[in-house]
Structures are given as C-alpha cells and as structure tokens.
$ cat entry.pdb   # PDB, C-alpha atoms
ATOM      1  CA  MET V  42     -23.885   0.887  46.695
ATOM      2  CA  SER V  43     -27.214  -0.703  47.589
ATOM      3  CA  VAL V  44     -28.430  -3.993  46.223
ATOM      4  CA  THR V  45     -31.052  -2.162  44.160
ATOM      5  CA  GLN V  46     -28.454   0.160  42.611
ATOM      6  CA  ALA V  47     -26.181  -2.767  41.795
ATOM      7  CA  ALA V  48     -29.036  -4.606  40.119
ATOM      8  CA  GLU V  49     -29.988  -1.530  38.100
ATOM      9  CA  LYS V  50     -26.370  -1.105  36.993
ATOM     10  CA  GLU V  51     -26.186  -4.742  35.930
ATOM     11  CA  ILE V  52     -29.452  -4.381  34.000
ATOM     12  CA  ARG V  53     -28.130  -1.285  32.211
ATOM     13  CA  SER V  54     -24.912  -3.136  31.399
ATOM     14  CA  VAL V  55     -26.785  -6.108  29.975
ATOM     15  CA  THR V  56     -29.080  -3.794  28.006
ATOM     16  CA  LYS V  57     -26.092  -1.938  26.602
ATOM     17  CA  THR V  58     -24.414  -5.212  25.642
ATOM     18  CA  LYS V  59     -27.579  -6.404  23.914
ATOM     19  CA  ARG V  60     -27.827  -3.117  22.066
ATOM     20  CA  VAL V  61     -24.212  -3.392  20.882
ATOM     21  CA  LEU V  62     -24.702  -7.021  19.826
ATOM     22  CA  HIS V  63     -27.896  -6.060  18.002
ATOM     23  CA  ILE V  64     -26.037  -3.331  16.103
ATOM     24  CA  LEU V  65     -23.181  -5.710  15.276
ATOM     25  CA  LEU V  66     -25.671  -8.308  14.063
ATOM     26  CA  LYS V  67     -27.288  -5.708  11.810
ATOM     27  CA  ILE V  68     -23.890  -4.741  10.418
ATOM     28  CA  ILE V  69     -22.971  -8.395   9.767
ATOM     29  CA  VAL V  70     -26.305  -9.040   8.055
ATOM     30  CA  ALA V  71     -25.887  -5.895   5.961
ATOM     31  CA  VAL V  72     -22.340  -6.931   4.936
ATOM     32  CA  VAL V  73     -23.498 -10.456   4.024
ATOM     33  CA  ILE V  74     -26.383  -9.042   1.977
ATOM     34  CA  ALA V  75     -24.006  -6.615   0.250
ATOM     35  CA  ILE V  76     -21.584  -9.449  -0.587
ATOM     36  CA  LEU V  77     -24.375 -11.668  -1.911
ATOM     37  CA  LEU V  78     -25.769  -8.778  -3.918
ATOM     38  CA  PHE V  79     -22.303  -8.058  -5.349
ATOM     39  CA  VAL V  80     -21.819 -11.734  -6.290
ATOM     40  CA  ALA V  81     -25.282 -11.788  -7.895
ATOM     41  CA  ILE V  82     -24.494  -8.686  -9.931
ATOM     42  CA  VAL V  83     -21.119 -10.085 -11.079
ATOM     43  CA  TYR V  84     -22.750 -13.407 -11.998
ATOM     44  CA  THR V  85     -25.629 -11.766 -13.885
ATOM     45  CA  VAL V  86     -23.389  -9.329 -15.778
ATOM     46  CA  ASN V  87     -21.116 -12.208 -16.791
ATOM     47  CA  LYS V  88     -24.029 -14.308 -18.051
ATOM     48  CA  ILE V  89     -25.529 -11.451 -20.062
ATOM     49  CA  SER V  90     -22.132 -10.384 -21.453
ATOM     50  CA  SER V  91     -21.160 -13.955 -22.375
ATOM     51  CA  HIS V  92     -24.425 -14.398 -24.254
ATOM     52  CA  SER V  93     -23.845 -11.131 -26.127
ATOM     53  CA  GLU V  94     -20.225 -12.028 -26.936
ATOM     54  CA  GLN V  95     -21.242 -15.442 -28.230
ATOM     55  CA  LYS V  96     -23.256 -13.680 -30.948
ATOM     56  CA  ARG V  97     -20.316 -11.413 -31.854
ATOM     57  CA  MET V  98     -17.720 -14.180 -31.980
ATOM     58  CA  GLU V  99     -16.407 -14.702 -35.507
ATOM     59  CA  GLN V 100     -15.357 -18.066 -36.907
ATOM     60  CA  TYR V 101     -11.909 -18.538 -38.431
ATOM     61  CA  GLY V 102      -9.789 -21.444 -39.576
ATOM     62  CA  GLN V 103     -11.257 -24.915 -40.077
ATOM     63  CA  HIS V 104     -12.268 -27.827 -37.906
ATOM     64  CA  VAL V 105     -10.704 -31.278 -38.108
ATOM     65  CA  SER V 106     -11.949 -34.355 -36.297
ATOM     66  CA  VAL V 107      -9.590 -35.513 -33.545
ATOM     67  CA  ASP V 108     -10.451 -38.247 -31.067
ATOM     68  CA  GLY V 109     -14.141 -37.753 -31.848
ATOM     69  CA  LYS V 110     -14.044 -34.007 -31.162
ATOM     70  CA  GLN V 111     -13.459 -30.879 -33.238
ATOM     71  CA  MET V 112     -10.056 -29.192 -33.203
ATOM     72  CA  ASN V 113      -9.646 -25.805 -34.865
ATOM     73  CA  VAL V 114      -6.724 -25.229 -37.228
ATOM     74  CA  SER V 115      -5.759 -22.089 -39.141
ATOM     75  CA  ILE V 116      -3.805 -22.394 -42.409
ATOM     76  CA  GLN V 117      -2.350 -19.369 -44.208
ATOM     77  CA  GLY V 118       0.292 -18.907 -46.876
ATOM     78  CA  GLN V 119       1.237 -20.939 -49.949
ATOM     79  CA  GLY V 120       4.927 -21.660 -49.358
ATOM     80  CA  GLU V 121       6.486 -24.992 -50.294
ATOM     81  CA  GLU V 122       7.561 -25.596 -46.684
ATOM     82  CA  THR V 123       5.132 -25.813 -43.784
ATOM     83  CA  VAL V 124       5.535 -24.257 -40.338
ATOM     84  CA  VAL V 125       3.322 -25.706 -37.593
ATOM     85  CA  ILE V 126       2.875 -23.327 -34.634
ATOM     86  CA  LEU V 127       1.872 -24.536 -31.160
ATOM     87  CA  PRO V 128       0.748 -22.114 -28.407
ATOM     88  CA  GLY V 129       1.848 -21.509 -24.853
ATOM     89  CA  PHE V 130      -0.355 -22.442 -21.904
ATOM     90  CA  GLY V 131      -3.577 -20.471 -21.642
ATOM     91  CA  THR V 132      -3.285 -18.648 -24.983
ATOM     92  CA  ALA V 133      -6.951 -17.898 -25.569
ATOM     93  CA  ALA V 134      -6.987 -17.774 -29.374
ATOM     94  CA  PRO V 135      -3.677 -18.989 -30.862
ATOM     95  CA  ALA V 136      -4.597 -18.337 -34.505
ATOM     96  CA  LEU V 137      -5.300 -14.679 -33.646
ATOM     97  CA  ASP V 138      -2.568 -14.300 -31.043
ATOM     98  CA  PHE V 139       0.145 -15.342 -33.530
ATOM     99  CA  LYS V 140      -1.202 -12.984 -36.195
ATOM    100  CA  PRO V 141       1.876 -10.657 -36.347
ATOM    101  CA  LEU V 142       4.205 -13.637 -36.773
ATOM    102  CA  ILE V 143       1.887 -15.315 -39.297
ATOM    103  CA  ALA V 144       1.925 -12.114 -41.368
ATOM    104  CA  GLU V 145       5.735 -12.226 -41.482
ATOM    105  CA  LEU V 146       5.985 -15.954 -42.276
ATOM    106  CA  SER V 147       3.073 -16.541 -44.667
ATOM    107  CA  PRO V 148       4.689 -14.877 -47.742
ATOM    108  CA  ASN V 149       7.341 -17.638 -47.711
ATOM    109  CA  TYR V 150       5.751 -20.555 -45.848
ATOM    110  CA  LYS V 151       2.484 -22.345 -45.361
ATOM    111  CA  VAL V 152       1.715 -21.517 -41.731
ATOM    112  CA  VAL V 153      -0.460 -23.902 -39.727
ATOM    113  CA  VAL V 154      -1.588 -22.857 -36.251
ATOM    114  CA  ILE V 155      -2.972 -25.658 -34.098
ATOM    115  CA  GLU V 156      -5.505 -24.729 -31.434
ATOM    116  CA  PRO V 157      -5.388 -27.663 -28.976
ATOM    117  CA  PHE V 158      -8.509 -28.740 -27.124
ATOM    118  CA  GLY V 159      -9.608 -25.992 -24.745
ATOM    119  CA  TYR V 160      -7.996 -23.269 -26.871
ATOM    120  CA  GLY V 161      -9.438 -20.868 -29.435
ATOM    121  CA  LEU V 162     -12.431 -22.348 -31.236
ATOM    122  CA  SER V 163     -11.580 -25.973 -30.456
ATOM    123  CA  ASP V 164     -13.764 -28.228 -28.324
ATOM    124  CA  GLN V 165     -12.928 -28.986 -24.725
ATOM    125  CA  THR V 166     -12.039 -32.504 -23.603
ATOM    126  CA  GLU V 167     -12.145 -34.482 -20.375
ATOM    127  CA  LYS V 168      -9.214 -36.634 -21.479
ATOM    128  CA  GLU V 169      -6.095 -36.332 -19.307
ATOM    129  CA  ARG V 170      -3.826 -33.501 -20.431
ATOM    130  CA  SER V 171      -0.694 -35.619 -20.410
ATOM    131  CA  THR V 172       2.059 -34.829 -22.883
ATOM    132  CA  ALA V 173       1.385 -38.172 -24.611
ATOM    133  CA  ASN V 174      -2.282 -37.312 -25.221
ATOM    134  CA  ILE V 175      -1.582 -33.751 -26.345
ATOM    135  CA  VAL V 176       1.153 -34.879 -28.752
ATOM    136  CA  SER V 177      -1.063 -37.635 -30.149
ATOM    137  CA  GLU V 178      -3.952 -35.202 -30.719
ATOM    138  CA  ILE V 179      -1.752 -32.662 -32.519
ATOM    139  CA  HIS V 180      -0.328 -35.397 -34.735
ATOM    140  CA  GLU V 181      -3.810 -36.710 -35.549
ATOM    141  CA  ALA V 182      -4.870 -33.205 -36.599
ATOM    142  CA  LEU V 183      -1.888 -32.878 -38.942
ATOM    143  CA  GLN V 184      -2.488 -36.339 -40.375
ATOM    144  CA  SER V 185      -6.104 -35.380 -41.073
ATOM    145  CA  LEU V 186      -4.779 -32.429 -43.083
ATOM    146  CA  HIS V 187      -2.243 -34.662 -44.888
ATOM    147  CA  ILE V 188       0.644 -32.621 -43.495
ATOM    148  CA  ASN V 189       3.535 -35.053 -43.208
ATOM    149  CA  ARG V 190       6.688 -32.907 -43.301
ATOM    150  CA  TYR V 191       7.010 -29.627 -41.431
ATOM    151  CA  ILE V 192       8.949 -27.293 -39.174
ATOM    152  CA  LEU V 193       7.625 -27.309 -35.610
ATOM    153  CA  MET V 194       7.482 -23.961 -33.801
ATOM    154  CA  GLY V 195       6.397 -23.909 -30.154
ATOM    155  CA  HIS V 196       5.894 -21.191 -27.577
ATOM    156  CA  SER V 197       6.387 -21.703 -23.825
ATOM    157  CA  ILE V 198       4.904 -25.025 -22.591
ATOM    158  CA  SER V 199       4.670 -26.278 -26.179
ATOM    159  CA  GLY V 200       8.452 -26.500 -26.072
ATOM    160  CA  LEU V 201       7.996 -29.290 -23.539
ATOM    161  CA  TYR V 202       5.374 -31.051 -25.664
ATOM    162  CA  SER V 203       7.516 -30.558 -28.774
ATOM    163  CA  LEU V 204      10.465 -32.262 -27.101
ATOM    164  CA  SER V 205       8.353 -35.405 -26.875
ATOM    165  CA  TYR V 206       6.848 -34.809 -30.312
ATOM    166  CA  VAL V 207      10.153 -34.681 -32.208
ATOM    167  CA  ASN V 208      11.259 -37.919 -30.557
ATOM    168  CA  HIS V 209       7.996 -39.664 -31.489
ATOM    169  CA  TYR V 210       7.893 -38.409 -35.087
ATOM    170  CA  PRO V 211      11.543 -37.750 -36.078
ATOM    171  CA  ASN V 212      10.893 -38.426 -39.786
ATOM    172  CA  GLU V 213       8.224 -35.737 -39.983
ATOM    173  CA  VAL V 214       9.789 -32.779 -38.152
ATOM    174  CA  ARG V 215      12.378 -30.939 -40.223
ATOM    175  CA  ALA V 216      13.439 -28.475 -37.490
ATOM    176  CA  PHE V 217      12.262 -27.125 -34.147
ATOM    177  CA  ILE V 218      11.944 -23.412 -33.404
ATOM    178  CA  GLY V 219      11.446 -22.467 -29.757
ATOM    179  CA  LEU V 220       9.713 -19.212 -28.854
ATOM    180  CA  ASP V 221      10.862 -18.716 -25.259
ATOM    181  CA  SER V 222      10.054 -22.393 -24.912
ATOM    182  CA  SER V 223       9.902 -24.274 -21.613
ATOM    183  CA  VAL V 224      12.741 -26.568 -20.562
ATOM    184  CA  PRO V 225      12.198 -29.728 -18.442
ATOM    185  CA  SER V 226      14.821 -28.758 -15.863
ATOM    186  CA  LEU V 227      12.898 -25.621 -14.875
ATOM    187  CA  SER V 228       9.679 -27.224 -13.706
ATOM    188  CA  GLU V 229       6.413 -25.521 -12.863
ATOM    189  CA  GLN V 230       5.049 -25.855  -9.320
ATOM    190  CA  LYS V 231       2.731 -28.743  -8.579
ATOM    191  CA  ILE V 232      -0.956 -27.859  -8.841
ATOM    192  CA  ASP V 233      -3.827 -30.114  -7.774
ATOM    193  CA  SER V 234      -7.598 -29.957  -7.428
ATOM    194  CA  THR V 235      -7.400 -28.031  -4.148
ATOM    195  CA  VAL V 236      -6.139 -25.132  -6.255
ATOM    196  CA  THR V 237      -8.221 -25.597  -9.393
ATOM    197  CA  LYS V 238     -11.615 -26.161  -7.721
ATOM    198  CA  PRO V 239     -11.775 -22.639  -6.227
ATOM    199  CA  ILE V 240     -10.673 -21.277  -9.624
ATOM    200  CA  LYS V 241     -13.611 -23.059 -11.267
ATOM    201  CA  TRP V 242     -15.977 -21.364  -8.811
ATOM    202  CA  PHE V 243     -14.202 -18.069  -9.465
ATOM    203  CA  ARG V 244     -14.806 -18.498 -13.200
ATOM    204  CA  ASN V 245     -18.374 -19.819 -12.956
ATOM    205  CA  LEU V 246     -19.461 -16.928 -10.735
ATOM    206  CA  GLY V 247     -18.099 -14.450 -13.278
ATOM    207  CA  PHE V 248     -15.113 -13.126 -11.361
ATOM    208  CA  ALA V 249     -12.692 -14.032 -14.164
ATOM    209  CA  ARG V 250     -14.363 -11.336 -16.252
ATOM    210  CA  LEU V 251     -13.950  -8.853 -13.407
ATOM    211  CA  GLN V 252     -10.288  -9.837 -13.064
ATOM    212  CA  LEU V 253      -9.723  -9.147 -16.762
ATOM    213  CA  LYS V 254     -11.545  -5.833 -16.472
ATOM    214  CA  LEU V 255      -9.116  -4.729 -13.753
ATOM    215  CA  SER V 256      -6.017  -6.064 -15.543
ATOM    216  CA  ALA V 257      -3.799  -4.314 -18.069
ATOM    217  CA  ASP V 258      -4.490  -4.966 -21.757
ATOM    218  CA  PRO V 259      -1.767  -7.420 -22.933
ATOM    219  CA  TYR V 260      -2.193  -6.286 -26.558
ATOM    220  CA  LYS V 261      -2.006  -2.537 -26.020
ATOM    221  CA  GLY V 262       0.498  -0.900 -28.347
ATOM    222  CA  LEU V 263       1.115  -4.102 -30.323
ATOM    223  CA  PRO V 264       0.426  -4.673 -34.041
ATOM    224  CA  TYR V 265      -3.122  -6.010 -33.749
ATOM    225  CA  ASP V 266      -5.990  -4.302 -35.572
ATOM    226  CA  GLU V 267      -9.143  -3.294 -33.719
ATOM    227  CA  GLN V 268     -11.258  -6.191 -35.001
ATOM    228  CA  THR V 269      -8.622  -8.762 -33.998
ATOM    229  CA  GLN V 270      -8.307  -7.226 -30.544
ATOM    230  CA  GLU V 271     -12.071  -7.376 -30.083
ATOM    231  CA  GLN V 272     -12.130 -11.065 -31.013
ATOM    232  CA  LEU V 273      -9.157 -11.769 -28.752
ATOM    233  CA  ASP V 274     -10.987 -10.116 -25.860
ATOM    234  CA  ILE V 275     -14.075 -12.242 -26.500
ATOM    235  CA  LEU V 276     -12.087 -15.477 -26.672
ATOM    236  CA  ILE V 277     -10.028 -14.629 -23.605
ATOM    237  CA  ARG V 278     -13.269 -14.346 -21.637
ATOM    238  CA  LYS V 279     -14.623 -17.519 -23.254
ATOM    239  CA  ASN V 280     -11.602 -19.725 -22.536
ATOM    240  CA  MET V 281     -10.008 -18.300 -19.398
ATOM    241  CA  TYR V 282      -9.844 -20.950 -16.656
ATOM    242  CA  ASN V 283     -11.885 -23.434 -18.661
ATOM    243  CA  THR V 284     -11.923 -27.027 -17.433
ATOM    244  CA  THR V 285      -9.572 -28.371 -20.096
ATOM    245  CA  GLN V 286      -6.907 -25.760 -19.358
ATOM    246  CA  LEU V 287      -7.224 -26.309 -15.604
ATOM    247  CA  ASN V 288      -6.750 -30.032 -16.202
ATOM    248  CA  GLU V 289      -3.646 -29.185 -18.195
ATOM    249  CA  ALA V 290      -2.377 -27.125 -15.267
ATOM    250  CA  GLU V 291      -2.885 -30.111 -12.956
ATOM    251  CA  SER V 292      -0.895 -32.334 -15.350
ATOM    252  CA  MET V 293       1.910 -29.848 -15.880
ATOM    253  CA  TYR V 294       4.199 -30.936 -13.039
ATOM    254  CA  SER V 295       4.109 -34.596 -14.079
ATOM    255  CA  ASN V 296       4.618 -33.587 -17.713
ATOM    256  CA  PHE V 297       7.792 -31.728 -16.744
ATOM    257  CA  LYS V 298       9.022 -34.705 -14.735
ATOM    258  CA  ALA V 299       8.331 -37.091 -17.621
ATOM    259  CA  ALA V 300      10.438 -34.922 -19.950
ATOM    260  CA  GLU V 301      13.519 -34.660 -17.716
ATOM    261  CA  GLN V 302      15.392 -37.423 -19.573
ATOM    262  CA  LEU V 303      14.390 -36.269 -23.069
ATOM    263  CA  THR V 304      16.766 -34.472 -25.428
ATOM    264  CA  PHE V 305      16.471 -33.122 -28.938
ATOM    265  CA  PRO V 306      17.857 -35.537 -31.549
ATOM    266  CA  PRO V 307      21.415 -34.323 -32.387
ATOM    267  CA  ASN V 308      20.670 -34.164 -36.120
ATOM    268  CA  LEU V 309      17.508 -32.070 -35.659
ATOM    269  CA  PRO V 310      18.111 -28.357 -36.376
ATOM    270  CA  VAL V 311      17.035 -26.318 -33.332
ATOM    271  CA  LEU V 312      16.689 -22.544 -33.129
ATOM    272  CA  PHE V 313      15.741 -20.869 -29.854
ATOM    273  CA  PHE V 314      14.407 -17.332 -29.474
ATOM    274  CA  VAL V 315      14.835 -16.555 -25.774
ATOM    275  CA  GLN V 316      14.102 -13.494 -23.647
ATOM    276  CA  ALA V 317      17.408 -12.013 -22.547
ATOM    277  CA  ASN V 318      16.265 -11.091 -19.035
ATOM    278  CA  HIS V 319      13.984 -13.631 -17.439
ATOM    279  CA  PRO V 320      12.066 -12.018 -14.534
ATOM    280  CA  VAL V 321      12.244 -15.072 -12.237
ATOM    281  CA  THR V 322      15.294 -17.254 -12.895
ATOM    282  CA  ASP V 323      18.895 -16.668 -13.984
ATOM    283  CA  GLN V 324      19.012 -20.232 -15.365
ATOM    284  CA  TRP V 325      16.735 -19.561 -18.333
ATOM    285  CA  ILE V 326      19.558 -18.958 -20.817
ATOM    286  CA  PRO V 327      21.995 -21.612 -19.457
ATOM    287  CA  GLU V 328      19.304 -24.317 -19.522
ATOM    288  CA  HIS V 329      18.427 -23.506 -23.121
ATOM    289  CA  GLU V 330      22.111 -23.656 -23.991
ATOM    290  CA  LYS V 331      22.276 -27.152 -22.497
ATOM    291  CA  GLN V 332      19.426 -28.276 -24.729
ATOM    292  CA  ILE V 333      21.387 -27.526 -27.910
ATOM    293  CA  GLU V 334      24.952 -28.323 -26.824
ATOM    294  CA  GLU V 335      24.781 -31.702 -28.638
ATOM    295  CA  SER V 336      22.907 -30.356 -31.673
ATOM    296  CA  LEU V 337      24.690 -30.330 -35.026
ATOM    297  CA  HIS V 338      22.612 -27.284 -35.995
ATOM    298  CA  GLY V 339      21.709 -25.536 -32.752
ATOM    299  CA  GLU V 340      21.459 -21.789 -32.249
ATOM    300  CA  MET V 341      20.010 -19.361 -29.708
ATOM    301  CA  VAL V 342      18.944 -15.765 -30.291
ATOM    302  CA  LEU V 343      18.477 -13.462 -27.305
ATOM    303  CA  LEU V 344      15.772 -10.831 -27.552
ATOM    304  CA  ASP V 345      15.122  -7.819 -25.378
ATOM    305  CA  ALA V 346      11.492  -8.815 -24.954
ATOM    306  CA  GLY V 347       9.000 -10.410 -22.607
ATOM    307  CA  HIS V 348       7.747 -13.981 -22.637
ATOM    308  CA  TYR V 349       5.369 -13.310 -25.552
ATOM    309  CA  LEU V 350       8.255 -12.153 -27.711
ATOM    310  CA  TYR V 351       6.568 -13.105 -30.988
ATOM    311  CA  ARG V 352       3.976 -10.371 -30.408
ATOM    312  CA  SER V 353       6.540  -7.588 -30.283
ATOM    313  CA  HIS V 354       9.464  -9.014 -32.329
ATOM    314  CA  SER V 355       7.722 -10.924 -35.128
ATOM    315  CA  LYS V 356       9.730  -9.296 -37.934
ATOM    316  CA  GLU V 357      13.057 -10.001 -36.261
ATOM    317  CA  ILE V 358      12.051 -13.590 -35.518
ATOM    318  CA  ALA V 359      10.904 -14.216 -39.098
ATOM    319  CA  GLU V 360      14.084 -12.768 -40.611
ATOM    320  CA  LYS V 361      16.365 -14.818 -38.377
ATOM    321  CA  PHE V 362      14.254 -17.929 -38.935
ATOM    322  CA  ARG V 363      14.478 -17.633 -42.723
ATOM    323  CA  GLY V 364      18.249 -17.198 -42.508
ATOM    324  CA  PHE V 365      18.564 -20.216 -40.214
ATOM    325  CA  MET V 366      16.561 -22.412 -42.583
ATOM    326  CA  ARG V 367      18.636 -21.299 -45.575
ATOM    327  CA  GLY V 368      21.734 -22.314 -43.629
ATOM    328  CA  ILE V 369      20.576 -25.921 -43.182
ATOM    329  CA  GLN V 370      19.368 -26.526 -46.755
TER     330      GLN V 370
END
$ encode --input "entry.pdb" --output "structure tokens"
Amino acid sequence: MSVTQAAEKEIRSVTKTKRVLHILLKIIVAVVIAILLFVAIVYTVNKISSHSEQKRMEQYGQHVSVDGKQMNVSIQGQGEETVVILPGFGTAAPALDFKPLIAELSPNYKVVVIEPFGYGLSDQTEKERSTANIVSEIHEALQSLHINRYILMGHSISGLYSLSYVNHYPNEVRAFIGLDSSVPSLSEQKIDSTVTKPIKWFRNLGFARLQLKLSADPYKGLPYDEQTQEQLDILIRKNMYNTTQLNEAESMYSNFKAAEQLTFPPNLPVLFFVQANHPVTDQWIPEHEKQIEESLHGEMVLLDAGHYLYRSHSKEIAEKFRGFMRGIQ
C-alpha cells in the first residue's frame, strides 16, 4: 500500500470515527433533553395537581395549640371512657385511616385520634422527632382538651412511643392496646441524611406522586366510602415524605435504642393485637410475648391480617377490646 493510500485510509477512519462520535453526541443530547423534559412534566403536573387538591381538601377534627403550633385532633363518641389512638409511622391522615375502628368503638367510648406534627391536618415542626418530644407533644394536646384519664391505643411505631408514655404518665393511662405495635428489641435500620436528602428531592420534583400512581391502592376492598378514600388520597400526596416525617425516620434508630430498657408497668393492663404471620421476622410474636410476661393483665390476640390490621379487622378488634376492658373492671 502506498503512502497516499495509507493516508487516505487513515482520513476515512478518522472521518468515520468523528461521524460515529457525532451521532453518539446527538443521542446523548437527545436523551438528556428527554429526561429533563420528563422531569419538567412530572414537576409541573405535581404542582398543578397539588394546587387543585388543596382546594378539594376537607377539614375535619379540631386544632389544639401545642408548642406554639397547631395539632389536629378528632373526637367522636360520647362514652364515659376515653380511647386515645396514635398512628403508625407515615399514616397520612390518622383520623380518616382509623375510620372503620372508630365506627366500631364510638358507640361505647369517646374516641380521640391524635394527628402528630407532620400527619393529617397538623402543622409540621423542625423540632427533633425524639420519643421524648413526641410524647410530650401528645400529652400537651390531651391536657389542652382536659383529657386526664384514658386508654392508650397505638399502631406500629406508636407502640414504641407509648412504652415511654405509660412510664411518664402512669396515673393517666388506664390500659394500653397495641395494634401490631413495634417492640424495642426489633429495631429499624439506621437512616441518616444521606438517605433522606435524595428523598426530599424525589418529593419536591413530584416523583412521589408518580410513585403513588404506579402503586397499588392500599384501601381497595376495605370499608372506606368514596369520599373518605378521595380525602385519604389527597392527604397521602400532601404528607408523603414531608420533612417532619423524614426527620422522624432519622430519629427512629435512636428512639428504638433508647427504649431497649423500658418495660410496661406490671399493673398496667396490656392487650396486643398482632399479625399471625409477619413477612420479615419470626420473632414478632415471641418478642410481644416477652413484653407482657410480667403483666398482671396481659393478653395477645393473633389475627390473620397484615400490618394495618385495624383496617380489615376493626369489628373483631373492637369486640375483643370491649371484652378485655370488662375483664379488668
């Protein structure tokens, strides 16, 4: 091959390489533009939808002043005894979410549902989501309502907060009822800002709404009327991954650790409703049994249900609860 032919071949090779690189660059630019356009659409749809939902959001319950902010509380029923219900982590609208159970309890009890800061229609807060602060805020809300003697009922993580609560205010709590409540020995994984910061971006850009759109409806087939489901959907989108709840997630590991040495007072009646088949651990039932082994009035009821067992088994829970309370009169 002559020098001229070799040079021509090299030129063609370089030209071909440039052409390929040019095409690849165009593809990369097109992909970047498509991604940015997709993000812009998701962001815009979320902003418009949030504005529309804000107008359709209905008020319920009443506000009480706690630590200079407004906490929402729902009170139903006229019974002589009071049941105070506390939600699990991330429950978007506790007063609506507990509606099936409230309907079963309210004919016999005054039912008070607390919506902690960052939940339901309550304000958010920048205050640390330690167990001590959460317990203090709940107690302040009840004091504002002049509720001084009550049965405490907590779902999931509220079981952990309630463990501290009943030790701080033993003369106020008549009994504790756990709804698949958390136990200190089965701790959540540690979460810090390296996890929550990307989630904040995810929420602020509108992808939380897209995630919900692609997820299964948690209330499908359950006893919630159409209006309640619509409001639940609105409040799920409003509160999902909000700053207060993400702060609570960051505090969760230390809250579990702080509760490891706590026990229920032996003379406090304790009734647990526990899912019979936990999807992750085989220690769920044994660890709940340990919590009541020293209790003078301790009982556990196993239900063939998921973690949100009060949604699907409200009638059964209410019946067993009433029987349990009659037994400790």
$ closest_residue --input "entry.pdb" --among "V:Pro157, V:Gly339, V:Pro225, V:Gly368" --to "Ile126 of chain V" --atoms "only C-alpha atoms"
V:Pro157
$ atom_distance --input "entry.pdb" --atom1 "atom CA of Phe314 of chain V" --atom2 "atom CA of Val342 of chain V"
4.9 Å
$ atom_distance --input "entry.pdb" --atom1 "atom CA of Ser177 of chain V" --atom2 "atom CA of Asp164 of chain V"
15.9 Å
$ residues_around --input "entry.pdb" --residues "segment 199-216 of chain V" --least-positions-apart "2" --cutoff "7 Å" --atoms "only C-alpha atoms" --output "compact mmCIF listing (two decimals) with C-alpha atoms, in the coordinates of the input"
# COMPACT_ATOMS: atom_id res chain seq x y z
CA LEU V 127 1.87 -24.54 -31.16
CA PRO V 128 0.75 -22.11 -28.41
CA GLY V 129 1.85 -21.51 -24.85
CA THR V 172 2.06 -34.83 -22.88
CA VAL V 176 1.15 -34.88 -28.75
CA ASN V 189 3.54 -35.05 -43.21
CA ARG V 190 6.69 -32.91 -43.30
CA TYR V 191 7.01 -29.63 -41.43
CA ILE V 192 8.95 -27.29 -39.17
CA LEU V 193 7.62 -27.31 -35.61
CA GLY V 195 6.40 -23.91 -30.15
CA HIS V 196 5.89 -21.19 -27.58
CA SER V 197 6.39 -21.70 -23.82
CA ILE V 218 11.94 -23.41 -33.40
CA GLY V 219 11.45 -22.47 -29.76
CA SER V 222 10.05 -22.39 -24.91
CA SER V 223 9.90 -24.27 -21.61
CA VAL V 224 12.74 -26.57 -20.56
CA PRO V 225 12.20 -29.73 -18.44
CA LEU V 303 14.39 -36.27 -23.07
CA THR V 304 16.77 -34.47 -25.43
CA PHE V 305 16.47 -33.12 -28.94
CA LEU V 309 17.51 -32.07 -35.66
CA PRO V 310 18.11 -28.36 -36.38
CA VAL V 311 17.04 -26.32 -33.33
$ resolve_selection --input "entry.pdb" --expression "the PyMOL selection byres ((chain V and resi 135) around 10)" --output "ChimeraX atom specification"
/V:113-115,126-129,131-134,136-140,154-157,160-162,273
$ closest_residue --input "entry.pdb" --among "V:Val124, V:Glu167, V:Met98, V:Leu62" --to "Leu146 of chain V" --atoms "only C-alpha atoms"
V:Val124
$ residues_around --input "entry.pdb" --residues "Thr123 of chain V" --least-positions-apart "5" --cutoff "6 Å" --atoms "all atoms listed in the file" --output "ChimeraX atom specification"
/V:150-152,191
$ write_last_selection --input "entry.pdb" --atoms "C-alpha atoms" --output "PDB file, in the coordinates of the input"
ATOM      1  CA  TYR V 150       5.751 -20.555 -45.848  1.00  0.00           C
ATOM      2  CA  LYS V 151       2.484 -22.345 -45.361  1.00  0.00           C
ATOM      3  CA  VAL V 152       1.715 -21.517 -41.731  1.00  0.00           C
ATOM      4  CA  TYR V 191       7.010 -29.627 -41.431  1.00  0.00           C
TER       5      TYR V 191
END
$ closest_residue --input "entry.pdb" --among "V:Gln268, V:Ser355, V:Gln119, V:Ser336" --to "Val153 of chain V" --atoms "only C-alpha atoms"
V:Gln119
$ closest_residue --input "entry.pdb" --among "V:Arg60, V:Asp233, V:Phe217, V:Phe313" --to "Lys331 of chain V" --atoms "only C-alpha atoms"
V:Phe313
